[in-house]
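Q: Structure provided below as structure tokens; questions to follow.
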Amino acid sequence: MDSTSYIELSKEAYENNLQFLRSLIKEGTRISSVVKGNAYGHGIADFVPMAEEMGIDHFSVYSADEAEEVFKAIKKDSTELMIMGHIANEDLKWAISNDISFFVFEFDRVRAAAESAQILNKKARIHIELETGMNRTGFDEEEINRLIPVLKEYEDNLIIEGICTHYAGAESIANYLRVQDQKNNFNQLAQLLVDHGIEPKTRHTCCSAASIRLPEMHEDMVRIGILQYGFWPSREIFIEYLKGKKDKVEPLRRLITWKSSIMSVKHIEMGEFVGYGTTYLAQRDMKIATVPIGYSHGFSRSLSNTGRVLINGFRVPVIGMVNMNNLAVDVSEIDEIRKGDEVTLIGKSGDVEISVASFGELSDQLNYELLTRLPTKIPRIIKD
Ligand SMILES: *Cc1c(COP(=O)(O)O)cnc(C)c1O
């Protein structure tokens, strides 16, 4: 069945972004592609094999249910998968038997992992998350001192795959001191483990913003989410990156384009209201088009009477309320227009563009939030 809209992913754009990332990140540092939130809305099932094809061999997700989706999408045996957040104790066996690594940040999970591994006669691959100042999850110094004997006790069933931490807001300069403290705490706590004979295979601390801001912390691996999709974690980071560059060009390209098509075109007389209620009164005779996209598809209701879409190279305004399943646009300016014409909700049409960022500003959502809210059910298509 035809869908009311499609999301296209540009392979070329992804290739461009990976090239940029590889030039940015220290030689020998592995890139883990962060694909939580349905690959930031890009769609795990389509995005993951494309990334693998371009040499990505490590993926990170937040939870075990996301890991299951990525696991199904992975095509190469050598590709590795890491869970950074939630996994229920009952699901540890699944992860361990499939060599999926996961963060540990409290004692119960460490013990449950070791015991599950023992039953399976395998080793659980764990990443020890260190509390460095985020104050959400992670072992602090006192806990690490208690953790060390536990790790030794279970050494036959645990592989210390990594030690890691996450910075609390590396995308904002206002957090500079807090992030510097975290960096120091990380180095100190990592040393404490080493001093007790615990040598993790990899160290990783950086997300996108920290990869730009803290090049000295690239270590063995960086966990890159938003940048690979062609977005900056914040405007500040973009400016920081450009500062001191000779040619101030945008090195990233967005992968995503979101398209629908016109469902019908009709003429309205001056003085008529359009759509539910009375929010839009036709000030002249006009031509309107309806598009089968509404807030149930992720097109925010707050874009009522303010949003824009692109049709045949024109930027046209949304008029009236955005409904659950459709919206109306004013197409009076476009002479040549008919049912079935392409409508671009995010992306380019001719010389005009609607970026996720501007769409986000209008609907008051962050890039991250808007992307991950794009419904899973919209079909994704890879464009070569
Ligand atoms: C989401 C996340 C990342 C990636 O963040 P970006 O800002 O998208 O690069 C890295 N590490 C952890 C622990 C995360 O939760």
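By convention here, the chains of the structure tokens are called A, B, ... in the order presented, each chain's residues are numbered starting at 1, and ligands are numbered starting at 1 in the order presented.
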Any residue with an atom at most 8 Å from ligand 1 counts, using only C-alpha atoms and all ligand atoms. Which are they? Put them as JSON, numbers by chain.
A: {"A": [34, 36, 61, 62, 84, 85, 165, 166, 171, 205, 206, 207, 208, 209, 222, 223, 224, 225, 226, 227, 233, 368]}
Q: Name the residues in contact with A:Phe103 at a cut-off of 9 Å, using only C-alpha atoms, excluding same-chain residues fewer than 2 positions from it; report them as a list of chain:residue names.
A: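 The residues satisfying every condition are A:Met82, A:Ile83, A:Met84, A:Gly85, A:His86, A:Ser101, A:Phe105, A:Arg125, A:Ile126, A:His127, A:Ile128, A:Glu129, A:Gly162, A:Ile163, A:Cys164.
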Q: Mind checking which residues fall within 9 Å of A:Phe139, counting only C-alpha atoms, ignoring those fewer than 5 positions away in the same chain, and posting them as a list in words?
A: Val104, Phe105, Glu106, Ile128, Glu129, Leu130, Glu131, Thr132, Ile144 and Leu147 of chain A
Q: Tell me, which residues of stretch 42-268 of chain A carry DSSP helix (DSSP H, G or I), written as a PDB file with C-alpha atoms, in the first residue's frame?
A:
ATOM      1  CA  ILE A  44      17.479   1.346  12.063  1.00  0.00           C
ATOM      2  CA  ALA A  45      16.560  -1.274   9.465  1.00  0.00           C
ATOM      3  CA  ASP A  46      17.765   0.863   6.565  1.00  0.00           C
ATOM      4  CA  PHE A  47      20.429   2.964   8.190  1.00  0.00           C
ATOM      5  CA  VAL A  48      22.451   0.167   9.820  1.00  0.00           C
ATOM      6  CA  PRO A  49      23.239  -1.881   6.670  1.00  0.00           C
ATOM      7  CA  MET A  50      24.100   1.329   4.807  1.00  0.00           C
ATOM      8  CA  ALA A  51      26.534   2.337   7.551  1.00  0.00           C
ATOM      9  CA  GLU A  52      28.089  -1.140   7.562  1.00  0.00           C
ATOM     10  CA  GLU A  53      28.583  -0.914   3.827  1.00  0.00           C
ATOM     11  CA  ALA A  64      18.145  -4.018  24.753  1.00  0.00           C
ATOM     12  CA  ASP A  65      14.995  -3.673  22.648  1.00  0.00           C
ATOM     13  CA  GLU A  66      16.843  -1.285  20.324  1.00  0.00           C
ATOM     14  CA  ALA A  67      19.787  -3.694  20.303  1.00  0.00           C
ATOM     15  CA  GLU A  68      17.478  -6.446  19.104  1.00  0.00           C
ATOM     16  CA  GLU A  69      16.418  -4.321  16.129  1.00  0.00           C
ATOM     17  CA  VAL A  70      20.005  -3.434  15.256  1.00  0.00           C
ATOM     18  CA  PHE A  71      21.067  -7.046  15.686  1.00  0.00           C
ATOM     19  CA  LYS A  72      18.484  -8.058  13.063  1.00  0.00           C
ATOM     20  CA  ALA A  73      19.641  -5.345  10.688  1.00  0.00           C
ATOM     21  CA  ASN A  89      18.603  -8.872  34.082  1.00  0.00           C
ATOM     22  CA  GLU A  90      16.448 -11.447  32.257  1.00  0.00           C
ATOM     23  CA  ASP A  91      17.775 -10.196  28.923  1.00  0.00           C
ATOM     24  CA  LEU A  92      21.446 -10.425  29.861  1.00  0.00           C
ATOM     25  CA  LYS A  93      21.678 -14.013  28.601  1.00  0.00           C
ATOM     26  CA  TRP A  94      20.472 -12.935  25.185  1.00  0.00           C
ATOM     27  CA  ALA A  95      23.088 -10.195  25.040  1.00  0.00           C
ATOM     28  CA  ILE A  96      25.891 -12.401  26.324  1.00  0.00           C
ATOM     29  CA  SER A  97      25.164 -15.282  23.987  1.00  0.00           C
ATOM     30  CA  PHE A 107      26.528  -3.930  41.377  1.00  0.00           C
ATOM     31  CA  ASP A 108      23.382  -5.883  40.660  1.00  0.00           C
ATOM     32  CA  ARG A 109      23.978  -5.859  36.916  1.00  0.00           C
ATOM     33  CA  VAL A 110      27.627  -6.851  37.308  1.00  0.00           C
ATOM     34  CA  ARG A 111      26.714  -9.877  39.400  1.00  0.00           C
ATOM     35  CA  ALA A 112      23.734 -10.831  37.230  1.00  0.00           C
ATOM     36  CA  ALA A 113      25.916 -10.573  34.120  1.00  0.00           C
ATOM     37  CA  ALA A 114      28.666 -12.727  35.599  1.00  0.00           C
ATOM     38  CA  GLU A 115      26.172 -15.325  36.808  1.00  0.00           C
ATOM     39  CA  SER A 116      24.366 -15.441  33.453  1.00  0.00           C
ATOM     40  CA  ALA A 117      27.696 -15.826  31.691  1.00  0.00           C
ATOM     41  CA  GLN A 118      28.634 -18.659  34.042  1.00  0.00           C
ATOM     42  CA  ILE A 119      25.437 -20.546  33.186  1.00  0.00           C
ATOM     43  CA  LEU A 120      26.108 -20.020  29.465  1.00  0.00           C
ATOM     44  CA  GLU A 141      35.503   6.202  43.604  1.00  0.00           C
ATOM     45  CA  GLU A 142      34.168   4.532  46.721  1.00  0.00           C
ATOM     46  CA  GLU A 143      32.146   2.084  44.610  1.00  0.00           C
ATOM     47  CA  ILE A 144      35.093   1.324  42.376  1.00  0.00           C
ATOM     48  CA  ASN A 145      37.071   0.284  45.402  1.00  0.00           C
ATOM     49  CA  ARG A 146      34.274  -2.153  46.214  1.00  0.00           C
ATOM     50  CA  LEU A 147      33.899  -3.185  42.556  1.00  0.00           C
ATOM     51  CA  ILE A 148      37.504  -4.273  42.115  1.00  0.00           C
ATOM     52  CA  PRO A 149      37.227  -7.442  44.259  1.00  0.00           C
ATOM     53  CA  VAL A 150      33.923  -8.306  42.553  1.00  0.00           C
ATOM     54  CA  LEU A 151      35.575  -8.071  39.127  1.00  0.00           C
ATOM     55  CA  LYS A 152      38.391 -10.313  40.361  1.00  0.00           C
ATOM     56  CA  GLU A 153      35.968 -12.812  41.847  1.00  0.00           C
ATOM     57  CA  GLU A 155      37.185 -12.764  36.248  1.00  0.00           C
ATOM     58  CA  ASP A 156      36.519 -16.048  34.401  1.00  0.00           C
ATOM     59  CA  ASN A 157      33.132 -14.787  33.291  1.00  0.00           C
ATOM     60  CA  ILE A 173      30.360  26.333  26.653  1.00  0.00           C
ATOM     61  CA  ALA A 174      28.535  27.180  29.871  1.00  0.00           C
ATOM     62  CA  ASN A 175      29.388  23.670  31.060  1.00  0.00           C
ATOM     63  CA  TYR A 176      33.108  24.105  30.395  1.00  0.00           C
ATOM     64  CA  LEU A 177      34.258  23.743  33.998  1.00  0.00           C
ATOM     65  CA  ARG A 178      31.990  20.825  34.736  1.00  0.00           C
ATOM     66  CA  VAL A 179      33.244  19.000  31.648  1.00  0.00           C
ATOM     67  CA  GLN A 180      36.900  19.715  32.516  1.00  0.00           C
ATOM     68  CA  ASP A 181      36.280  18.253  35.965  1.00  0.00           C
ATOM     69  CA  GLN A 182      34.707  15.197  34.398  1.00  0.00           C
ATOM     70  CA  LYS A 183      37.730  14.719  32.175  1.00  0.00           C
ATOM     71  CA  ASN A 184      40.063  14.811  35.172  1.00  0.00           C
ATOM     72  CA  ASN A 185      37.835  12.521  37.197  1.00  0.00           C
ATOM     73  CA  PHE A 186      37.737  10.042  34.340  1.00  0.00           C
ATOM     74  CA  ASN A 187      41.503   9.899  34.036  1.00  0.00           C
ATOM     75  CA  GLN A 188      41.893   9.513  37.780  1.00  0.00           C
ATOM     76  CA  LEU A 189      39.279   6.754  38.158  1.00  0.00           C
ATOM     77  CA  ALA A 190      40.612   4.904  35.121  1.00  0.00           C
ATOM     78  CA  GLN A 191      44.063   4.960  36.709  1.00  0.00           C
ATOM     79  CA  LEU A 192      42.635   3.550  39.924  1.00  0.00           C
ATOM     80  CA  LEU A 193      41.409   0.495  37.983  1.00  0.00           C
ATOM     81  CA  VAL A 194      44.715   0.094  36.186  1.00  0.00           C
ATOM     82  CA  ASP A 195      46.573   0.298  39.490  1.00  0.00           C
ATOM     83  CA  SER A 208      29.609  14.322  18.993  1.00  0.00           C
ATOM     84  CA  ALA A 209      30.070  17.585  20.892  1.00  0.00           C
ATOM     85  CA  ALA A 210      32.939  16.256  22.998  1.00  0.00           C
ATOM     86  CA  SER A 211      34.630  14.845  19.878  1.00  0.00           C
ATOM     87  CA  ILE A 212      34.877  18.395  18.607  1.00  0.00           C
ATOM     88  CA  ARG A 213      35.512  20.120  21.891  1.00  0.00           C
ATOM     89  CA  PRO A 215      40.099  16.105  20.849  1.00  0.00           C
ATOM     90  CA  GLU A 216      42.543  15.022  23.569  1.00  0.00           C
ATOM     91  CA  MET A 217      39.838  12.647  24.870  1.00  0.00           C
ATOM     92  CA  ILE A 226      23.967  13.493  15.721  1.00  0.00           C
ATOM     93  CA  LEU A 227      27.032  14.533  13.649  1.00  0.00           C
ATOM     94  CA  GLN A 228      26.922  11.467  11.414  1.00  0.00           C
ATOM     95  CA  TYR A 229      23.358  12.372  10.412  1.00  0.00           C
ATOM     96  CA  ARG A 235      25.011  26.138  17.231  1.00  0.00           C
ATOM     97  CA  GLU A 236      27.845  26.826  19.636  1.00  0.00           C
ATOM     98  CA  ILE A 237      29.683  23.705  18.554  1.00  0.00           C
ATOM     99  CA  PHE A 238      29.282  24.646  14.901  1.00  0.00           C
ATOM    100  CA  ILE A 239      30.728  28.082  15.570  1.00  0.00           C
ATOM    101  CA  GLU A 240      33.536  26.604  17.634  1.00  0.00           C
ATOM    102  CA  TYR A 241      34.355  24.284  14.760  1.00  0.00           C
ATOM    103  CA  LEU A 242      34.363  27.107  12.188  1.00  0.00           C
TER     104      LEU A 242
END
Q: Can you tell me which residues surround A:Ser302 at a distance of at most 12 Å, considering only C-alpha atoms, apart from same-chain residues fewer than 6 positions away, and format the answer as a PDB file with all heavy atoms, in the first residue's frame?
A:
ATOM      1  N   GLY A 294      -0.172  14.938   9.035  1.00  0.00           N
ATOM      2  CA  GLY A 294      -0.683  15.676  10.184  1.00  0.00           C
ATOM      3  C   GLY A 294       0.155  15.406  11.403  1.00  0.00           C
ATOM      4  O   GLY A 294       1.252  14.860  11.301  1.00  0.00           O
ATOM      5  N   TYR A 295      -0.382  15.782  12.569  1.00  0.00           N
ATOM      6  CA  TYR A 295       0.450  15.622  13.772  1.00  0.00           C
ATOM      7  C   TYR A 295       0.700  14.164  14.114  1.00  0.00           C
ATOM      8  O   TYR A 295       1.699  13.825  14.730  1.00  0.00           O
ATOM      9  CB  TYR A 295      -0.091  16.423  14.962  1.00  0.00           C
ATOM     10  CG  TYR A 295      -1.521  16.171  15.377  1.00  0.00           C
ATOM     11  CD1 TYR A 295      -1.850  15.052  16.128  1.00  0.00           C
ATOM     12  CD2 TYR A 295      -2.534  17.067  15.029  1.00  0.00           C
ATOM     13  CE1 TYR A 295      -3.156  14.826  16.520  1.00  0.00           C
ATOM     14  CE2 TYR A 295      -3.844  16.847  15.420  1.00  0.00           C
ATOM     15  CZ  TYR A 295      -4.158  15.729  16.163  1.00  0.00           C
ATOM     16  OH  TYR A 295      -5.436  15.506  16.545  1.00  0.00           O
ATOM     17  N   ARG A 308       5.730  25.787   6.889  1.00  0.00           N
ATOM     18  CA  ARG A 308       5.936  25.930   5.441  1.00  0.00           C
ATOM     19  C   ARG A 308       6.228  24.558   4.866  1.00  0.00           C
ATOM     20  O   ARG A 308       6.851  23.730   5.543  1.00  0.00           O
ATOM     21  CB  ARG A 308       7.162  26.804   5.158  1.00  0.00           C
ATOM     22  CG  ARG A 308       7.096  28.229   5.695  1.00  0.00           C
ATOM     23  CD  ARG A 308       6.361  29.124   4.712  1.00  0.00           C
ATOM     24  NE  ARG A 308       6.406  30.521   5.116  1.00  0.00           N
ATOM     25  CZ  ARG A 308       5.619  31.082   6.020  1.00  0.00           C
ATOM     26  NH1 ARG A 308       4.728  30.350   6.663  1.00  0.00           N
ATOM     27  NH2 ARG A 308       5.723  32.362   6.308  1.00  0.00           N
ATOM     28  N   VAL A 318       1.450  26.850   5.450  1.00  0.00           N
ATOM     29  CA  VAL A 318       0.362  26.035   5.986  1.00  0.00           C
ATOM     30  C   VAL A 318      -0.744  26.991   6.415  1.00  0.00           C
ATOM     31  O   VAL A 318      -0.476  27.994   7.079  1.00  0.00           O
ATOM     32  CB  VAL A 318       0.839  25.230   7.221  1.00  0.00           C
ATOM     33  CG1 VAL A 318      -0.320  24.552   7.933  1.00  0.00           C
ATOM     34  CG2 VAL A 318       1.906  24.219   6.813  1.00  0.00           C
ATOM     35  N   ILE A 319      -1.981  26.706   6.024  1.00  0.00           N
ATOM     36  CA  ILE A 319      -3.074  27.569   6.467  1.00  0.00           C
ATOM     37  C   ILE A 319      -4.073  26.755   7.277  1.00  0.00           C
ATOM     38  O   ILE A 319      -4.336  25.597   6.981  1.00  0.00           O
ATOM     39  CB  ILE A 319      -3.769  28.280   5.277  1.00  0.00           C
ATOM     40  CG1 ILE A 319      -4.263  27.259   4.258  1.00  0.00           C
ATOM     41  CG2 ILE A 319      -2.832  29.289   4.617  1.00  0.00           C
ATOM     42  CD1 ILE A 319      -5.117  27.878   3.170  1.00  0.00           C
ATOM     43  N   GLY A 320      -4.562  27.353   8.326  1.00  0.00           N
ATOM     44  CA  GLY A 320      -5.485  26.664   9.223  1.00  0.00           C
ATOM     45  C   GLY A 320      -4.736  25.705  10.128  1.00  0.00           C
ATOM     46  O   GLY A 320      -3.502  25.733  10.223  1.00  0.00           O
ATOM     47  N   MET A 321      -5.529  24.868  10.783  1.00  0.00           N
ATOM     48  CA  MET A 321      -4.954  23.958  11.774  1.00  0.00           C
ATOM     49  C   MET A 321      -4.341  22.732  11.109  1.00  0.00           C
ATOM     50  O   MET A 321      -4.861  22.226  10.124  1.00  0.00           O
ATOM     51  CB  MET A 321      -6.045  23.470  12.739  1.00  0.00           C
ATOM     52  CG  MET A 321      -6.728  24.565  13.544  1.00  0.00           C
ATOM     53  SD  MET A 321      -5.569  25.579  14.468  1.00  0.00           S
ATOM     54  CE  MET A 321      -5.101  24.449  15.768  1.00  0.00           C
ATOM     55  N   VAL A 322      -3.222  22.266  11.680  1.00  0.00           N
ATOM     56  CA  VAL A 322      -2.688  20.967  11.279  1.00  0.00           C
ATOM     57  C   VAL A 322      -3.560  19.934  11.985  1.00  0.00           C
ATOM     58  O   VAL A 322      -3.712  19.964  13.202  1.00  0.00           O
ATOM     59  CB  VAL A 322      -1.216  20.810  11.717  1.00  0.00           C
ATOM     60  CG1 VAL A 322      -0.722  19.396  11.486  1.00  0.00           C
ATOM     61  CG2 VAL A 322      -0.325  21.826  11.005  1.00  0.00           C
ATOM     62  N   ASN A 323      -4.175  19.048  11.228  1.00  0.00           N
ATOM     63  CA  ASN A 323      -5.037  18.021  11.809  1.00  0.00           C
ATOM     64  C   ASN A 323      -4.239  16.759  12.113  1.00  0.00           C
ATOM     65  O   ASN A 323      -3.044  16.707  11.869  1.00  0.00           O
ATOM     66  CB  ASN A 323      -6.177  17.664  10.842  1.00  0.00           C
ATOM     67  CG  ASN A 323      -7.062  18.873  10.557  1.00  0.00           C
ATOM     68  OD1 ASN A 323      -7.717  18.925   9.538  1.00  0.00           O
ATOM     69  ND2 ASN A 323      -7.068  19.841  11.453  1.00  0.00           N
ATOM     70  N   PHE A 359      12.589  23.858  10.728  1.00  0.00           N
ATOM     71  CA  PHE A 359      11.336  23.177  11.048  1.00  0.00           C
ATOM     72  C   PHE A 359      11.233  23.059  12.568  1.00  0.00           C
ATOM     73  O   PHE A 359      10.207  23.317  13.166  1.00  0.00           O
ATOM     74  CB  PHE A 359      11.413  21.797  10.391  1.00  0.00           C
ATOM     75  CG  PHE A 359      10.169  20.981  10.425  1.00  0.00           C
ATOM     76  CD1 PHE A 359       9.254  21.070   9.398  1.00  0.00           C
ATOM     77  CD2 PHE A 359       9.939  20.091  11.459  1.00  0.00           C
ATOM     78  CE1 PHE A 359       8.107  20.283   9.414  1.00  0.00           C
ATOM     79  CE2 PHE A 359       8.808  19.312  11.490  1.00  0.00           C
ATOM     80  CZ  PHE A 359       7.880  19.409  10.459  1.00  0.00           C
ATOM     81  N   GLY A 360      12.350  22.721  13.170  1.00  0.00           N
ATOM     82  CA  GLY A 360      12.408  22.579  14.621  1.00  0.00           C
ATOM     83  C   GLY A 360      12.178  23.884  15.340  1.00  0.00           C
ATOM     84  O   GLY A 360      11.472  23.945  16.330  1.00  0.00           O
ATOM     85  N   GLU A 361      12.762  24.977  14.826  1.00  0.00           N
ATOM     86  CA  GLU A 361      12.586  26.270  15.468  1.00  0.00           C
ATOM     87  C   GLU A 361      11.119  26.684  15.435  1.00  0.00           C
ATOM     88  O   GLU A 361      10.558  27.143  16.414  1.00  0.00           O
ATOM     89  CB  GLU A 361      13.422  27.337  14.766  1.00  0.00           C
ATOM     90  CG  GLU A 361      14.743  27.588  15.473  1.00  0.00           C
ATOM     91  CD  GLU A 361      15.772  28.199  14.540  1.00  0.00           C
ATOM     92  OE1 GLU A 361      15.398  29.066  13.727  1.00  0.00           O
ATOM     93  OE2 GLU A 361      16.940  27.782  14.625  1.00  0.00           O
ATOM     94  N   LEU A 362      10.502  26.491  14.262  1.00  0.00           N
ATOM     95  CA  LEU A 362       9.091  26.846  14.137  1.00  0.00           C
ATOM     96  C   LEU A 362       8.239  26.039  15.097  1.00  0.00           C
ATOM     97  O   LEU A 362       7.307  26.541  15.684  1.00  0.00           O
ATOM     98  CB  LEU A 362       8.607  26.613  12.705  1.00  0.00           C
ATOM     99  CG  LEU A 362       8.948  27.720  11.716  1.00  0.00           C
ATOM    100  CD1 LEU A 362       8.547  27.305  10.309  1.00  0.00           C
ATOM    101  CD2 LEU A 362       8.221  29.010  12.077  1.00  0.00           C
ATOM    102  N   SER A 363       8.578  24.757  15.250  1.00  0.00           N
ATOM    103  CA  SER A 363       7.740  23.938  16.118  1.00  0.00           C
ATOM    104  C   SER A 363       8.362  23.814  17.513  1.00  0.00           C
ATOM    105  O   SER A 363       7.902  23.052  18.328  1.00  0.00           O
ATOM    106  CB  SER A 363       7.492  22.567  15.495  1.00  0.00           C
ATOM    107  OG  SER A 363       8.690  21.878  15.299  1.00  0.00           O
ATOM    108  N   ASP A 364       9.445  24.596  17.750  1.00  0.00           N
ATOM    109  CA  ASP A 364      10.047  24.668  19.069  1.00  0.00           C
ATOM    110  C   ASP A 364      10.545  23.319  19.584  1.00  0.00           C
ATOM    111  O   ASP A 364      10.382  22.984  20.746  1.00  0.00           O
ATOM    112  CB  ASP A 364       9.034  25.274  20.059  1.00  0.00           C
ATOM    113  CG  ASP A 364       9.732  25.907  21.243  1.00  0.00           C
ATOM    114  OD1 ASP A 364      10.931  26.195  21.116  1.00  0.00           O
ATOM    115  OD2 ASP A 364       9.085  26.074  22.283  1.00  0.00           O
ATOM    116  N   GLN A 365      11.127  22.542  18.706  1.00  0.00           N
ATOM    117  CA  GLN A 365      11.699  21.271  19.119  1.00  0.00           C
ATOM    118  C   GLN A 365      13.178  21.267  18.759  1.00  0.00           C
ATOM    119  O   GLN A 365      13.589  21.893  17.809  1.00  0.00           O
ATOM    120  CB  GLN A 365      11.049  20.102  18.376  1.00  0.00           C
ATOM    121  CG  GLN A 365       9.560  19.978  18.566  1.00  0.00           C
ATOM    122  CD  GLN A 365       8.997  18.797  17.794  1.00  0.00           C
ATOM    123  OE1 GLN A 365       9.270  17.663  18.084  1.00  0.00           O
ATOM    124  NE2 GLN A 365       8.220  19.081  16.774  1.00  0.00           N
TER     125      GLN A 365
END
Q: So which one's closest to A:Met221, A:Ile31, A:Leu18, A:Ala170, A:Ile7? Using only C-alpha atoms, please.
A: A:Ile31
Q: Could you tell me how far atom CA of A:Lys123 lies from atom CA of A:Tyr154, in Å and to one decimal?
A: 9.7 Å
Q: Mind listing the strand (DSSP E) residues of stretch 238-352 of chain A, per DSSP on the backbone, as JSON, numbers by chain?
A: {"A": [256, 257, 258, 259, 260, 261, 264, 265, 266, 267, 268, 286, 287, 288, 289, 290, 291, 308, 309, 310, 311, 314, 315, 316, 317, 318, 319, 327, 328, 329, 330, 342, 343, 344, 345, 346, 347, 348, 349, 352]}
Q: A:Pro292: which residues within 10 Å, counting only C-alpha atoms, same-chain residues fewer than 3 positions away excluded, as a PDB file with N, CA and C atoms, in the first residue's frame?
A:
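The file below, selection.pdb, is the result:
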ATOM      1  N   SER A   3       2.219   4.780   1.015  1.00  0.00           N
ATOM      2  CA  SER A   3       2.228   5.480   2.289  1.00  0.00           C
ATOM      3  C   SER A   3       1.935   6.960   2.032  1.00  0.00           C
ATOM      4  N   THR A   4       1.480   7.702   3.060  1.00  0.00           N
ATOM      5  CA  THR A   4       1.182   9.120   2.815  1.00  0.00           C
ATOM      6  C   THR A   4       2.458   9.956   2.733  1.00  0.00           C
ATOM      7  N   SER A   5       3.582   9.376   3.188  1.00  0.00           N
ATOM      8  CA  SER A   5       4.850  10.098   3.041  1.00  0.00           C
ATOM      9  C   SER A   5       6.015   9.116   3.066  1.00  0.00           C
ATOM     10  N   SER A 260       5.970  14.060   0.849  1.00  0.00           N
ATOM     11  CA  SER A 260       4.619  13.540   0.686  1.00  0.00           C
ATOM     12  C   SER A 260       4.146  13.999  -0.694  1.00  0.00           C
ATOM     13  N   SER A 261       2.856  13.954  -0.944  1.00  0.00           N
ATOM     14  CA  SER A 261       2.362  14.454  -2.228  1.00  0.00           C
ATOM     15  C   SER A 261       0.975  15.067  -2.046  1.00  0.00           C
ATOM     16  N   ILE A 262       0.595  15.858  -3.018  1.00  0.00           N
ATOM     17  CA  ILE A 262      -0.686  16.567  -2.926  1.00  0.00           C
ATOM     18  C   ILE A 262      -1.845  15.587  -3.120  1.00  0.00           C
ATOM     19  N   MET A 263      -2.807  15.680  -2.215  1.00  0.00           N
ATOM     20  CA  MET A 263      -3.954  14.781  -2.281  1.00  0.00           C
ATOM     21  C   MET A 263      -5.078  15.402  -3.112  1.00  0.00           C
ATOM     22  N   SER A 264      -5.251  16.727  -2.987  1.00  0.00           N
ATOM     23  CA  SER A 264      -6.258  17.391  -3.824  1.00  0.00           C
ATOM     24  C   SER A 264      -5.977  18.891  -3.893  1.00  0.00           C
ATOM     25  N   HIS A 297       1.756  12.096  12.160  1.00  0.00           N
ATOM     26  CA  HIS A 297       2.955  11.717  11.410  1.00  0.00           C
ATOM     27  C   HIS A 297       4.185  12.489  11.882  1.00  0.00           C
ATOM     28  N   ASN A 323      -4.175  19.048  11.228  1.00  0.00           N
ATOM     29  CA  ASN A 323      -5.037  18.021  11.809  1.00  0.00           C
ATOM     30  C   ASN A 323      -4.239  16.759  12.113  1.00  0.00           C
ATOM     31  N   MET A 324      -4.963  15.740  12.575  1.00  0.00           N
ATOM     32  CA  MET A 324      -4.276  14.491  12.895  1.00  0.00           C
ATOM     33  C   MET A 324      -3.630  13.887  11.651  1.00  0.00           C
ATOM     34  N   ASN A 325      -4.343  13.953  10.522  1.00  0.00           N
ATOM     35  CA  ASN A 325      -3.857  13.267   9.330  1.00  0.00           C
ATOM     36  C   ASN A 325      -3.643  14.140   8.106  1.00  0.00           C
ATOM     37  N   ASN A 326      -3.986  15.409   8.185  1.00  0.00           N
ATOM     38  CA  ASN A 326      -3.752  16.239   7.004  1.00  0.00           C
ATOM     39  C   ASN A 326      -3.593  17.704   7.343  1.00  0.00           C
ATOM     40  N   LEU A 327      -3.136  18.422   6.319  1.00  0.00           N
ATOM     41  CA  LEU A 327      -2.972  19.865   6.468  1.00  0.00           C
ATOM     42  C   LEU A 327      -3.268  20.506   5.115  1.00  0.00           C
ATOM     43  N   ALA A 328      -3.508  21.828   5.150  1.00  0.00           N
ATOM     44  CA  ALA A 328      -3.785  22.551   3.914  1.00  0.00           C
ATOM     45  C   ALA A 328      -2.721  23.615   3.713  1.00  0.00           C
TER      46      ALA A 328
END
Q: Can you tell me which residues surround A:Pro251 at a distance of at most 9 Å, considering only C-alpha atoms, apart from same-chain residues fewer than 6 positions away, and format the answer as an MDAnalysis selection string?
A: chainID A and resid 16:17 20 230
Q: Save the residues we just selected, N, CA, C and O atoms, as an mmCIF file, in the first residue's frame?
A:
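Listed below is the output, part-v3.cif:
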data_model
loop_
_atom_site.group_PDB
_atom_site.id
_atom_site.type_symbol
_atom_site.label_atom_id
_atom_site.label_comp_id
_atom_site.auth_asym_id
_atom_site.auth_seq_id
_atom_site.Cartn_x
_atom_site.Cartn_y
_atom_site.Cartn_z
ATOM 1 N N ASN A 16 29.861 11.544 2.811
ATOM 2 C CA ASN A 16 30.495 12.832 3.061
ATOM 3 C C ASN A 16 30.733 13.039 4.565
ATOM 4 O O ASN A 16 31.818 13.432 4.984
ATOM 5 N N ASN A 17 29.725 12.744 5.373
ATOM 6 C CA ASN A 17 29.844 12.974 6.812
ATOM 7 C C ASN A 17 30.876 12.050 7.455
ATOM 8 O O ASN A 17 31.608 12.460 8.359
ATOM 9 N N PHE A 20 34.269 13.375 6.724
ATOM 10 C CA PHE A 20 34.549 14.504 7.609
ATOM 11 C C PHE A 20 34.924 14.004 9.008
ATOM 12 O O PHE A 20 35.908 14.443 9.598
ATOM 13 N N GLY A 230 24.400 14.513 9.993
ATOM 14 C CA GLY A 230 24.544 15.802 9.321
ATOM 15 C C GLY A 230 24.065 17.003 10.121
ATOM 16 O O GLY A 230 23.837 18.072 9.563
#
Q: In Å to one decimal, how far is atom CA of A:Pro317 from atom CA of A:Gly277?
A: 18.1 Å
Q: From the options A:Pro375, A:Gly138, A:Gly298, A:Gly347, which residue's atoms come nearest to A:Gly37, counting only C-alpha atoms?
A: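 Once distances to A:Gly37 are computed over only C-alpha atoms, the minimum belongs to A:Pro375.
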Q: Within 8 Å of A:Glu80, counting only C-alpha atoms, which residues show up once you throw out same-chain ones fewer than 4 positions away? Write them as a ChimeraX atom specification, please.
A: /A:57-59,99-100
Q: Kindly indicate which residue among A:Thr306, A:Gly313, A:Ala282, A:Ile337 lies nearest to A:Val265, using only C-alpha atoms for the distances.
A: A:Ile337
Q: Under the rule that only C-alpha atoms are counted, which of A:Asp330, A:Val316, A:Leu371, A:Lys246 is the nearest residue to A:Tyr280?
A: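 When distances to A:Tyr280 are compared using only C-alpha atoms, the smallest one comes from A:Asp330.
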